[in-house]
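Below is the file data36.cif, which contains mmCIF, C-alpha atoms and all ligand atoms.
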```
data_upload
#
loop_
_atom_site.label_atom_id
_atom_site.label_comp_id
_atom_site.auth_asym_id
_atom_site.auth_seq_id
_atom_site.Cartn_x
_atom_site.Cartn_y
_atom_site.Cartn_z
CA MET A 1 10.75 84.32 -9.71
CA ASN A 2 9.86 85.13 -6.08
CA ALA A 3 9.10 81.58 -4.85
CA VAL A 4 10.59 78.18 -5.74
CA THR A 5 9.28 74.81 -4.50
CA VAL A 6 11.47 71.71 -4.39
CA ARG A 7 10.35 68.14 -3.71
CA VAL A 8 12.90 65.89 -2.01
CA PRO A 9 12.76 62.17 -1.17
CA ALA A 10 13.42 60.18 2.01
CA LYS A 11 16.04 57.44 1.96
CA VAL A 12 16.26 53.92 3.24
CA ASN A 13 19.62 52.20 3.69
CA LEU A 14 19.73 48.90 1.81
CA GLN A 15 23.10 48.19 3.39
CA LEU A 16 24.51 50.07 6.35
CA SER A 17 27.81 48.61 7.49
CA VAL A 18 29.52 50.38 10.36
CA GLY A 19 33.31 50.13 10.77
CA PRO A 20 35.22 50.76 13.99
CA CYS A 21 34.87 54.13 15.76
CA ARG A 22 37.60 56.49 14.43
CA ASP A 23 39.68 58.91 16.49
CA ASP A 24 37.41 61.78 15.40
CA GLY A 25 34.36 59.95 16.81
CA TYR A 26 32.90 59.13 13.39
CA HIS A 27 32.67 55.64 11.91
CA ASP A 28 33.72 54.56 8.44
CA LEU A 29 30.61 53.37 6.71
CA ILE A 30 29.45 51.48 3.67
CA ASN A 31 26.07 52.88 2.99
CA VAL A 32 23.85 51.82 0.10
CA PHE A 33 21.30 54.63 -0.08
CA HIS A 34 17.97 54.21 -1.89
CA ALA A 35 15.62 57.17 -2.44
CA VAL A 36 11.91 56.38 -2.03
CA SER A 37 8.70 58.18 -3.01
CA LEU A 38 8.04 59.69 0.39
CA PHE A 39 8.67 63.41 0.06
CA ASP A 40 9.13 66.67 1.93
CA GLU A 41 8.55 69.91 0.05
CA VAL A 42 10.50 73.09 0.67
CA THR A 43 9.37 76.42 -0.76
CA ALA A 44 11.90 79.25 -0.70
CA VAL A 45 10.40 82.75 -0.75
CA GLU A 46 12.35 86.00 -1.04
CA ALA A 47 12.61 87.61 2.45
CA ASP A 48 14.68 90.16 4.36
CA GLY A 49 16.13 87.47 6.67
CA PHE A 50 16.41 83.68 7.08
CA ARG A 51 13.20 82.19 8.52
CA VAL A 52 11.58 78.77 8.52
CA THR A 53 8.04 77.45 8.95
CA VAL A 54 7.14 73.76 9.20
CA ALA A 55 3.82 72.03 8.51
CA GLY A 56 2.95 68.33 8.86
CA GLU A 57 2.33 65.62 11.44
CA SER A 58 4.53 65.06 14.54
CA ILE A 59 6.76 68.05 13.85
CA ALA A 60 7.19 69.23 17.47
CA ASP A 61 10.93 68.40 17.47
CA VAL A 62 11.80 70.31 14.31
CA PRO A 63 13.78 73.45 15.22
CA LEU A 64 12.43 76.77 13.93
CA ASP A 65 15.71 78.67 14.27
CA GLY A 66 19.23 78.50 12.86
CA ASP A 67 19.49 74.86 13.99
CA ASN A 68 17.08 73.84 11.23
CA LEU A 69 19.17 72.09 8.59
CA ALA A 70 17.29 73.88 5.79
CA ILE A 71 18.28 77.27 7.22
CA ARG A 72 21.86 76.08 7.68
CA ALA A 73 21.93 75.01 4.05
CA ALA A 74 20.55 78.33 2.78
CA GLN A 75 23.10 80.23 4.90
CA ALA A 76 25.95 78.04 3.65
CA LEU A 77 24.85 78.61 0.06
CA ALA A 78 24.70 82.40 0.50
CA ALA A 79 28.17 82.38 2.11
CA TYR A 80 29.64 80.15 -0.65
CA ALA A 81 28.22 82.33 -3.43
CA GLY A 82 28.96 85.64 -1.66
CA CYS A 83 25.29 86.50 -2.05
CA ASP A 84 23.41 88.87 0.29
CA ARG A 85 19.92 87.59 -0.58
CA ARG A 86 17.81 85.91 2.13
CA ALA A 87 14.80 83.56 2.12
CA GLU A 88 11.91 82.25 4.12
CA LEU A 89 11.80 78.44 3.88
CA ARG A 90 8.36 76.84 4.12
CA ILE A 91 8.75 73.11 4.83
CA ARG A 92 5.92 70.63 4.29
CA LYS A 93 7.01 67.43 6.05
CA ASP A 94 5.85 63.92 5.20
CA ILE A 95 9.20 62.29 6.09
CA PRO A 96 9.08 61.22 9.77
CA VAL A 97 11.18 63.40 12.11
CA ALA A 98 14.19 61.61 13.68
CA GLY A 99 12.89 58.49 11.93
CA GLY A 100 16.09 57.21 10.29
CA MET A 101 14.98 58.38 6.83
CA ALA A 102 17.17 61.51 6.70
CA GLY A 103 14.31 64.01 6.63
CA GLY A 104 16.39 66.90 7.97
CA SER A 105 19.12 66.19 5.41
CA ALA A 106 16.46 66.06 2.69
CA ASP A 107 15.19 69.51 3.71
CA ALA A 108 18.75 70.85 3.59
CA ALA A 109 19.23 69.51 0.04
CA ALA A 110 15.86 70.96 -1.01
CA ALA A 111 16.78 74.35 0.46
CA LEU A 112 20.04 74.38 -1.54
CA VAL A 113 18.25 73.69 -4.83
CA ALA A 114 15.38 76.10 -4.05
CA CYS A 115 17.59 79.01 -2.97
CA ASP A 116 20.01 78.47 -5.85
CA ALA A 117 17.08 78.92 -8.26
CA LEU A 118 15.40 81.72 -6.26
CA TRP A 119 18.60 83.75 -6.16
CA GLY A 120 19.54 82.90 -9.76
CA LEU A 121 22.97 81.59 -8.75
CA GLY A 122 23.12 78.76 -11.29
CA LEU A 123 25.57 76.59 -9.31
CA ASP A 124 26.12 73.15 -10.80
CA ARG A 125 25.31 69.91 -8.97
CA ALA A 126 28.98 69.32 -8.06
CA GLU A 127 29.15 72.69 -6.28
CA LEU A 128 25.82 72.11 -4.51
CA SER A 129 27.05 68.67 -3.48
CA GLU A 130 30.23 70.15 -1.99
CA ILE A 131 28.16 72.58 0.12
CA ALA A 132 25.79 69.71 1.00
CA ALA A 133 28.65 67.57 2.35
CA GLY A 134 29.60 70.40 4.72
CA ILE A 135 26.12 70.31 6.25
CA GLY A 136 25.78 66.58 6.86
CA SER A 137 26.85 63.23 5.49
CA ASP A 138 23.35 62.31 4.20
CA VAL A 139 22.74 65.64 2.40
CA PRO A 140 24.64 64.91 -0.87
CA PHE A 141 22.55 61.78 -1.41
CA ALA A 142 19.28 63.73 -1.03
CA LEU A 143 20.50 65.90 -3.92
CA LEU A 144 21.44 62.90 -6.05
CA GLY A 145 18.62 60.42 -5.34
CA GLY A 146 18.29 57.06 -7.08
CA THR A 147 20.42 54.33 -5.51
CA ALA A 148 24.02 55.06 -4.58
CA VAL A 149 26.93 53.70 -2.58
CA GLY A 150 28.40 56.01 0.04
CA VAL A 151 31.79 55.35 1.61
CA GLY A 152 33.72 57.10 4.38
CA ARG A 153 31.18 58.99 6.47
CA GLY A 154 28.72 58.42 3.61
CA GLU A 155 29.32 61.62 1.68
CA THR A 156 31.43 60.18 -1.18
CA LEU A 157 28.81 58.79 -3.53
CA THR A 158 28.81 56.47 -6.52
CA PRO A 159 25.50 55.86 -8.32
CA ALA A 160 24.54 52.16 -8.33
CA LEU A 161 23.02 50.36 -11.29
CA SER A 162 19.54 49.18 -10.58
CA GLN A 163 16.69 47.85 -12.65
CA GLY A 164 12.95 48.33 -12.22
CA ARG A 165 10.95 49.60 -9.29
CA PHE A 166 10.98 48.21 -5.74
CA HIS A 167 7.85 48.41 -3.58
CA TRP A 168 8.22 49.34 0.07
CA VAL A 169 6.08 49.66 3.16
CA PHE A 170 7.27 51.85 6.04
CA ALA A 171 6.07 51.57 9.61
CA PHE A 172 6.48 54.86 11.52
CA ALA A 173 6.96 54.65 15.28
CA ASP A 174 5.81 57.01 18.01
CA GLY A 175 8.70 59.39 18.73
CA GLY A 176 12.15 59.40 17.14
CA LEU A 177 15.57 57.94 17.97
CA SER A 178 18.66 60.12 18.18
CA THR A 179 21.21 59.05 15.56
CA ALA A 180 24.11 59.85 17.96
CA ARG A 181 22.53 57.68 20.69
CA VAL A 182 22.10 54.75 18.30
CA TYR A 183 25.77 54.90 17.21
CA ALA A 184 26.83 55.09 20.88
CA GLU A 185 24.66 52.06 21.67
CA CYS A 186 26.20 50.21 18.70
CA ASP A 187 29.69 50.89 20.12
CA ARG A 188 28.55 49.84 23.61
CA LEU A 189 27.00 46.57 22.43
CA ARG A 190 30.13 45.72 20.45
CA MET A 191 32.30 46.38 23.50
CA VAL A 192 30.10 44.33 25.85
CA MET A 193 30.00 41.43 23.40
CA GLY A 194 33.69 41.69 22.53
CA VAL A 195 32.92 42.19 18.83
CA GLU A 196 35.73 43.81 16.88
CA ALA A 197 34.23 45.71 13.93
CA GLY A 198 36.01 44.93 10.68
CA TRP A 199 36.56 47.19 7.69
CA PRO A 200 33.16 47.39 5.93
CA HIS A 201 32.73 46.13 2.34
CA VAL A 202 30.04 46.57 -0.29
CA ASP A 203 27.83 43.47 -0.40
CA GLU A 204 28.16 42.17 -3.95
CA THR A 205 25.07 39.93 -3.58
CA LEU A 206 23.02 43.03 -2.83
CA MET A 207 24.49 44.95 -5.78
CA ALA A 208 23.73 42.01 -8.11
CA ALA A 209 20.13 41.90 -6.83
CA LEU A 210 19.76 45.62 -7.62
CA ARG A 211 21.22 45.20 -11.11
CA ALA A 212 18.87 42.28 -11.80
CA GLY A 213 15.82 44.06 -10.32
CA ASP A 214 15.39 40.94 -8.16
CA ALA A 215 13.25 41.95 -5.18
CA LYS A 216 13.49 38.53 -3.51
CA ALA A 217 17.29 38.54 -3.57
CA LEU A 218 17.37 42.17 -2.49
CA GLY A 219 15.05 41.44 0.43
CA ALA A 220 17.33 38.64 1.60
CA ALA A 221 20.43 40.85 1.32
CA LEU A 222 19.14 43.92 3.24
CA HIS A 223 21.52 44.60 6.13
CA ASN A 224 21.82 47.24 8.85
CA ASP A 225 24.61 47.13 11.47
CA LEU A 226 22.68 49.71 13.53
CA GLN A 227 19.66 47.45 13.87
CA PRO A 228 20.76 45.65 17.09
CA ALA A 229 21.40 49.05 18.69
CA ALA A 230 18.03 50.44 17.59
CA LEU A 231 16.32 47.28 18.92
CA SER A 232 18.23 47.54 22.18
CA LEU A 233 16.97 51.12 22.67
CA ARG A 234 13.45 50.41 21.39
CA GLY A 235 12.55 46.76 22.07
CA SER A 236 9.08 47.10 20.54
CA LEU A 237 10.62 47.35 17.05
CA ALA A 238 11.26 43.58 17.16
CA LEU A 239 7.47 43.07 17.14
CA THR A 240 7.06 45.46 14.21
CA LEU A 241 9.72 43.60 12.18
CA ALA A 242 8.22 40.21 13.08
CA ALA A 243 4.74 41.35 11.98
CA GLY A 244 6.11 42.37 8.58
CA ARG A 245 7.91 39.05 8.09
CA GLU A 246 4.79 37.16 9.11
CA HIS A 247 2.85 39.01 6.42
CA HIS A 248 5.23 37.99 3.61
CA ALA A 249 7.71 40.88 3.48
CA LEU A 250 10.71 39.81 1.37
CA GLY A 251 12.93 41.77 3.75
CA ALA A 252 12.33 43.58 7.05
CA ILE A 253 14.84 46.05 8.40
CA VAL A 254 15.20 49.08 10.66
CA SER A 255 15.74 52.12 8.43
CA GLY A 256 19.08 53.82 9.22
CA SER A 257 19.19 54.65 12.93
CA GLY A 258 15.45 53.93 13.25
CA PRO A 259 12.85 53.78 14.61
CA THR A 260 11.11 53.54 11.21
CA CYS A 261 10.93 49.94 9.97
CA ALA A 262 11.17 49.26 6.23
CA PHE A 263 9.63 46.25 4.48
CA LEU A 264 10.28 45.19 0.91
CA ALA A 265 7.30 43.66 -0.90
CA ALA A 266 7.22 41.45 -4.00
CA SER A 267 4.85 43.76 -5.92
CA GLU A 268 2.60 46.80 -5.54
CA GLU A 269 -0.33 44.51 -4.64
CA GLU A 270 1.74 42.68 -2.02
CA ALA A 271 2.77 46.06 -0.58
CA LEU A 272 -0.89 47.04 -0.29
CA ASP A 273 -1.72 43.80 1.56
CA LEU A 274 1.29 44.18 3.81
CA ALA A 275 0.37 47.79 4.66
CA VAL A 276 -3.17 46.74 5.59
CA ALA A 277 -1.85 43.86 7.73
CA LEU A 278 0.65 46.08 9.56
CA ARG A 279 -2.04 48.67 10.27
CA GLY A 280 -4.27 45.92 11.65
CA ALA A 281 -1.48 44.47 13.80
CA GLY A 282 -1.21 47.71 15.80
CA VAL A 283 2.60 47.53 15.93
CA CYS A 284 3.32 51.13 14.86
CA ARG A 285 1.96 54.70 14.75
CA SER A 286 1.22 54.72 11.03
CA VAL A 287 2.04 52.93 7.79
CA VAL A 288 2.87 54.32 4.32
CA ARG A 289 3.69 52.71 0.99
CA ALA A 290 6.37 54.02 -1.33
CA TYR A 291 8.50 52.87 -4.25
CA GLY A 292 12.10 53.39 -5.21
CA PRO A 293 14.36 54.48 -6.66
CA VAL A 294 13.23 58.07 -7.30
CA PRO A 295 15.27 61.16 -8.27
CA GLY A 296 16.80 63.52 -5.70
CA ALA A 297 15.76 67.12 -4.91
CA THR A 298 13.76 68.43 -7.88
CA ILE A 299 12.06 71.77 -8.60
CA VAL A 300 8.30 71.29 -9.04
P1 LIG G 401 19.32 60.42 9.77
O1 LIG G 401 18.59 59.26 9.15
O2 LIG G 401 19.98 61.32 8.75
O3 LIG G 401 20.23 60.06 10.87
P2 LIG G 401 16.83 61.10 10.95
O4 LIG G 401 15.95 60.86 9.77
O5 LIG G 401 16.83 60.06 12.01
O6 LIG G 401 18.27 61.41 10.45
P3 LIG G 401 15.94 63.83 11.01
O7 LIG G 401 14.47 63.85 10.80
O8 LIG G 401 16.80 64.21 9.89
O9 LIG G 401 16.39 62.44 11.63
O10 LIG G 401 16.20 64.81 12.24
C1 LIG G 401 17.08 64.59 13.30
C2 LIG G 401 17.07 65.84 14.18
O11 LIG G 401 17.52 66.97 13.40
C3 LIG G 401 15.65 66.22 14.66
O12 LIG G 401 15.35 65.65 15.89
C4 LIG G 401 15.72 67.73 14.73
O13 LIG G 401 16.05 68.16 16.04
C5 LIG G 401 16.88 68.15 13.81
N1 LIG G 401 16.46 68.89 12.58
C6 LIG G 401 17.04 69.98 12.08
N2 LIG G 401 16.46 70.38 10.95
C7 LIG G 401 15.46 69.53 10.69
C8 LIG G 401 14.50 69.44 9.66
N3 LIG G 401 14.43 70.33 8.66
N4 LIG G 401 13.63 68.41 9.70
C9 LIG G 401 13.71 67.51 10.71
N5 LIG G 401 14.57 67.59 11.74
C10 LIG G 401 15.46 68.57 11.73
#
```

Show this structure as structure tokens.
Amino acid sequence: MNAVTVRVPAKVNLQLSVGPCRDDGYHDLINVFHAVSLFDEVTAVEADGFRVTVAGESIADVPLDGDNLAIRAAQALAAYAGCDRRAELRIRKDIPVAGGMAGGSADAAAALVACDALWGLGLDRAELSEIAAGIGSDVPFALLGGTAVGVGRGETLTPALSQGRFHWVFAFADGGLSTARVYAECDRLRMVMGVEAGWPHVDETLMAALRAGDAKALGAALHNDLQPAALSLRGSLALTLAAGREHHALGAIVSGSGPTCAFLAASEEEALDLAVALRGAGVCRSVVRAYGPVPGATIV
């Protein structure tokens, strides 16, 4: 085998509850991750050094050096396995960059799976997940996929029971939002408003909606503590969310740290109508439909 291609999904956070800022600067989170059918592809090709190429729309901000999370993942894997092989990573991006859908983390997970196969290492998922957690808190979920509850910084995962398929529409914005800036804004808003963040808990109503495959109940339970901060930094997102609600979305939410907005639809047909309406409303750069849950990083 001298080339391996891996397909990896984006995520949307069904619940993102942010606890108080810890001494180490991180926040304790409750994060219900949900993998959706919007994919990046990473092809690992045998090479004499680590290199990366990136293809896709709006990719200007993706680093092409050792800062690329896919390269970092491949390097971490080689170090873990004591392996002196190298790879060129060819990334085909459909997940929006700095869009709150964990595209960089997805590429890192894909690189782990692709290089593990390319180099014939045969690590199991638990080992890959341990390396993934060292790269970033969203990387283990991109390996796992499906729907899962993350606690702590998000890297300790428990798969969640869910029934059926949920239909989503995503509105991509022009330009990204820095995750660090959105967390800082969340802290600032809480300070200004005198809000003391409590210890976050899993929303049992949301988990019941997932188990029942009840899109209406799920839509009503979607929750993102980062949303006020994302709206404060990017006021126009309020119009995007309002347009989705007006066109019968069951739930409208900023995805992760934004600026992508996620809308849950009642059915595939409703998602199609909603996508057309959002395109017509001119409230975003582009619109895509997707469904979830889908599996994590998979060799194609
Ligand atoms: P998250 O939801 O995990 O907070 P995000 O989806 O908002 O992240 P990403 O697309 O993962 O954002 O990228 C955030 C930053 O990471 C980018 O601005 C870019 O500088 C850097 N980065 C490093 N590697 C990659 C990659 N392979 N793809 C995209 N961005 C990358």

Tell me, counting all atoms listed in the file, for each residue of chain A within 6 Å of ligand LIG 401 (chain G), which pair of atoms is nearest and how far apart they are in Å to one decimal, in rows ordered by chain and increasing number, as a Markdown table.
```
| residue | atom | partner | partner_atom | distance |
| --- | --- | --- | --- | --- |
| A:Asp61 | CA | G:LIG401 | O13 | 5.3 |
| A:Val62 | CA | G:LIG401 | N5 | 4.7 |
| A:Pro63 | CA | G:LIG401 | C6 | 5.7 |
| A:Asp67 | CA | G:LIG401 | C6 | 5.8 |
| A:Asn68 | CA | G:LIG401 | N2 | 3.5 |
| A:Leu69 | CA | G:LIG401 | N2 | 4.0 |
| A:Ala70 | CA | G:LIG401 | N3 | 5.4 |
| A:Val97 | CA | G:LIG401 | O7 | 3.6 |
| A:Ala98 | CA | G:LIG401 | O9 | 3.1 |
| A:Gly99 | CA | G:LIG401 | O5 | 4.2 |
| A:Gly100 | CA | G:LIG401 | O5 | 3.4 |
| A:Met101 | CA | G:LIG401 | O4 | 4.0 |
| A:Ala102 | CA | G:LIG401 | O4 | 3.4 |
| A:Gly103 | CA | G:LIG401 | O8 | 4.1 |
| A:Gly104 | CA | G:LIG401 | O8 | 3.3 |
| A:Ser105 | CA | G:LIG401 | O8 | 5.4 |
| A:Asp107 | CA | G:LIG401 | N3 | 5.1 |
| A:Asp138 | CA | G:LIG401 | O2 | 5.7 |
| A:Thr179 | CA | G:LIG401 | O3 | 4.9 |
| A:Gly256 | CA | G:LIG401 | O1 | 5.5 |
| A:Ser257 | CA | G:LIG401 | O3 | 5.9 |
```

Nearest candidate to Cys115 (chain A) (options A:Ala221, A:Val4, A:Ala243, A:Val195; using all atoms listed in the file)
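Among the listed residues, A:Val4 lies closest to Cys115 (chain A).
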
Please list as a PyMOL selection string every residue within 7 Å of Lys216 (chain A), counting all atoms listed in the file and excluding residues in the same chain fewer than 3 positions away.
chain A and resi 219-220+250+266

Distance query Met1 (chain A) at most 9 Å, all atoms listed in the file, self and fewer than 2 positions along chain excluded, as a PyMOL selection string
chain A and resi 3-4+46+117-120

Spatial neighbours of region 155-162 of chain A, max dist 12 Å, all atoms listed in the file, sep filter under 3 positions, as an mmCIF file with C-alpha atoms, in the coordinates of the input:
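Generated file (around_19.cif):
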```
data_model
loop_
_atom_site.group_PDB
_atom_site.id
_atom_site.type_symbol
_atom_site.label_atom_id
_atom_site.label_comp_id
_atom_site.auth_asym_id
_atom_site.auth_seq_id
_atom_site.Cartn_x
_atom_site.Cartn_y
_atom_site.Cartn_z
ATOM 1 C CA LEU A 14 19.730 48.900 1.810
ATOM 2 C CA ASP A 28 33.720 54.560 8.440
ATOM 3 C CA LEU A 29 30.610 53.370 6.710
ATOM 4 C CA ILE A 30 29.450 51.480 3.670
ATOM 5 C CA ASN A 31 26.070 52.880 2.990
ATOM 6 C CA VAL A 32 23.850 51.820 0.100
ATOM 7 C CA PHE A 33 21.300 54.630 -0.080
ATOM 8 C CA HIS A 34 17.970 54.210 -1.890
ATOM 9 C CA ALA A 35 15.620 57.170 -2.440
ATOM 10 C CA SER A 105 19.120 66.190 5.410
ATOM 11 C CA ALA A 126 28.980 69.320 -8.060
ATOM 12 C CA SER A 129 27.050 68.670 -3.480
ATOM 13 C CA GLU A 130 30.230 70.150 -1.990
ATOM 14 C CA ILE A 131 28.160 72.580 0.120
ATOM 15 C CA ALA A 132 25.790 69.710 1.000
ATOM 16 C CA ALA A 133 28.650 67.570 2.350
ATOM 17 C CA GLY A 134 29.600 70.400 4.720
ATOM 18 C CA ILE A 135 26.120 70.310 6.250
ATOM 19 C CA GLY A 136 25.780 66.580 6.860
ATOM 20 C CA SER A 137 26.850 63.230 5.490
ATOM 21 C CA ASP A 138 23.350 62.310 4.200
ATOM 22 C CA VAL A 139 22.740 65.640 2.400
ATOM 23 C CA PRO A 140 24.640 64.910 -0.870
ATOM 24 C CA PHE A 141 22.550 61.780 -1.410
ATOM 25 C CA ALA A 142 19.280 63.730 -1.030
ATOM 26 C CA LEU A 143 20.500 65.900 -3.920
ATOM 27 C CA LEU A 144 21.440 62.900 -6.050
ATOM 28 C CA GLY A 145 18.620 60.420 -5.340
ATOM 29 C CA GLY A 146 18.290 57.060 -7.080
ATOM 30 C CA THR A 147 20.420 54.330 -5.510
ATOM 31 C CA ALA A 148 24.020 55.060 -4.580
ATOM 32 C CA VAL A 149 26.930 53.700 -2.580
ATOM 33 C CA GLY A 150 28.400 56.010 0.040
ATOM 34 C CA VAL A 151 31.790 55.350 1.610
ATOM 35 C CA GLY A 152 33.720 57.100 4.380
ATOM 36 C CA ARG A 165 10.950 49.600 -9.290
ATOM 37 C CA PHE A 166 10.980 48.210 -5.740
ATOM 38 C CA VAL A 202 30.040 46.570 -0.290
ATOM 39 C CA GLU A 204 28.160 42.170 -3.950
ATOM 40 C CA LEU A 206 23.020 43.030 -2.830
ATOM 41 C CA MET A 207 24.490 44.950 -5.780
ATOM 42 C CA ALA A 208 23.730 42.010 -8.110
ATOM 43 C CA ALA A 209 20.130 41.900 -6.830
ATOM 44 C CA LEU A 210 19.760 45.620 -7.620
ATOM 45 C CA ARG A 211 21.220 45.200 -11.110
ATOM 46 C CA ALA A 212 18.870 42.280 -11.800
ATOM 47 C CA GLY A 213 15.820 44.060 -10.320
ATOM 48 C CA ASP A 214 15.390 40.940 -8.160
ATOM 49 C CA ALA A 215 13.250 41.950 -5.180
ATOM 50 C CA LEU A 218 17.370 42.170 -2.490
ATOM 51 C CA GLY A 292 12.100 53.390 -5.210
ATOM 52 C CA PRO A 293 14.360 54.480 -6.660
ATOM 53 C CA VAL A 294 13.230 58.070 -7.300
ATOM 54 C CA PRO A 295 15.270 61.160 -8.270
ATOM 55 C CA GLY A 296 16.800 63.520 -5.700
#
```

Taking 5 positions as the minimum chain separation for residues in the same chain, which residues sit within 8 Å of Arg86 (chain A) when counting only C-alpha atoms? Answer as a list in words.
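My reading of the contact set: Glu46, Ala47, Asp48, Gly49, Phe50 and Ala78 of chain A.
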
Rounded to one decimal, what separation in Å do you get between CA of Gly258 (chain A) and CA of Gly175 (chain A)?
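We find that CA of Gly258 (chain A) and CA of Gly175 (chain A) lie 10.3 Å from each other.
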
Suppose you want the space between CA of Pro200 (chain A) and CA of Val18 (chain A); what is it in Å?
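Distance between the two atoms: 6.5 Å.
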
Please indicate the distance in Å from CA of Thr43 (chain A) to CA of Asp116 (chain A), rounded to one decimal place.
12.0 Å

Proximity to Asp40 (chain A) - best of A:Val12, A:Leu64, A:Ile95, A:Ala81, all atoms listed in the file:
A:Ile95

From the list A:Ile91, A:Glu41, A:Ala197, A:Ala106, which residue is nearest Arg22 (chain A) when using all atoms listed in the file?
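Under the stated criterion, the closest residue is A:Ala197.
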
Nearest to Cys186 (chain A): which of A:Val288, A:Ala111, A:Leu233, A:Val36 is it, counting only C-alpha atoms?
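Checking each candidate against Cys186 (chain A), we get A:Leu233 as the closest.
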
Looking at A:Arg125, A:His201, A:Arg7, A:Arg72, which one is nearest to Arg92 (chain A), with distances taken over all atoms listed in the file?
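Of A:Arg125, A:His201, A:Arg7, A:Arg72, the one nearest Arg92 (chain A) is A:Arg7, counting all atoms listed in the file.
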
Of the candidates A:Gln15, A:Gln163, A:Gln75, A:Ser232, which one gets nearest to Ser255 (chain A) if we count only C-alpha atoms?
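Looking only at the distances to Ser255 (chain A), the closest residue turns out to be A:Gln15.
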
Could you list, as a PDB file with C-alpha atoms, in the frame of the given file, every residue within 10 Å of region 277-280 of chain A, counting all atoms listed in the file and ignoring same-chain residues fewer than 3 positions away?
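To be explicit, this is the file written out as out_10.pdb:
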```pdb
ATOM      1  CA  VAL A 169       6.080  49.660   3.160  1.00  0.00           C
ATOM      2  CA  PHE A 170       7.270  51.850   6.040  1.00  0.00           C
ATOM      3  CA  ALA A 171       6.070  51.570   9.610  1.00  0.00           C
ATOM      4  CA  THR A 240       7.060  45.460  14.210  1.00  0.00           C
ATOM      5  CA  LEU A 241       9.720  43.600  12.180  1.00  0.00           C
ATOM      6  CA  ALA A 243       4.740  41.350  11.980  1.00  0.00           C
ATOM      7  CA  GLY A 244       6.110  42.370   8.580  1.00  0.00           C
ATOM      8  CA  GLU A 246       4.790  37.160   9.110  1.00  0.00           C
ATOM      9  CA  HIS A 247       2.850  39.010   6.420  1.00  0.00           C
ATOM     10  CA  ALA A 271       2.770  46.060  -0.580  1.00  0.00           C
ATOM     11  CA  LEU A 272      -0.890  47.040  -0.290  1.00  0.00           C
ATOM     12  CA  ASP A 273      -1.720  43.800   1.560  1.00  0.00           C
ATOM     13  CA  LEU A 274       1.290  44.180   3.810  1.00  0.00           C
ATOM     14  CA  VAL A 283       2.600  47.530  15.930  1.00  0.00           C
ATOM     15  CA  CYS A 284       3.320  51.130  14.860  1.00  0.00           C
ATOM     16  CA  ARG A 285       1.960  54.700  14.750  1.00  0.00           C
ATOM     17  CA  SER A 286       1.220  54.720  11.030  1.00  0.00           C
ATOM     18  CA  VAL A 287       2.040  52.930   7.790  1.00  0.00           C
ATOM     19  CA  VAL A 288       2.870  54.320   4.320  1.00  0.00           C
TER      20      VAL A 288
END
```
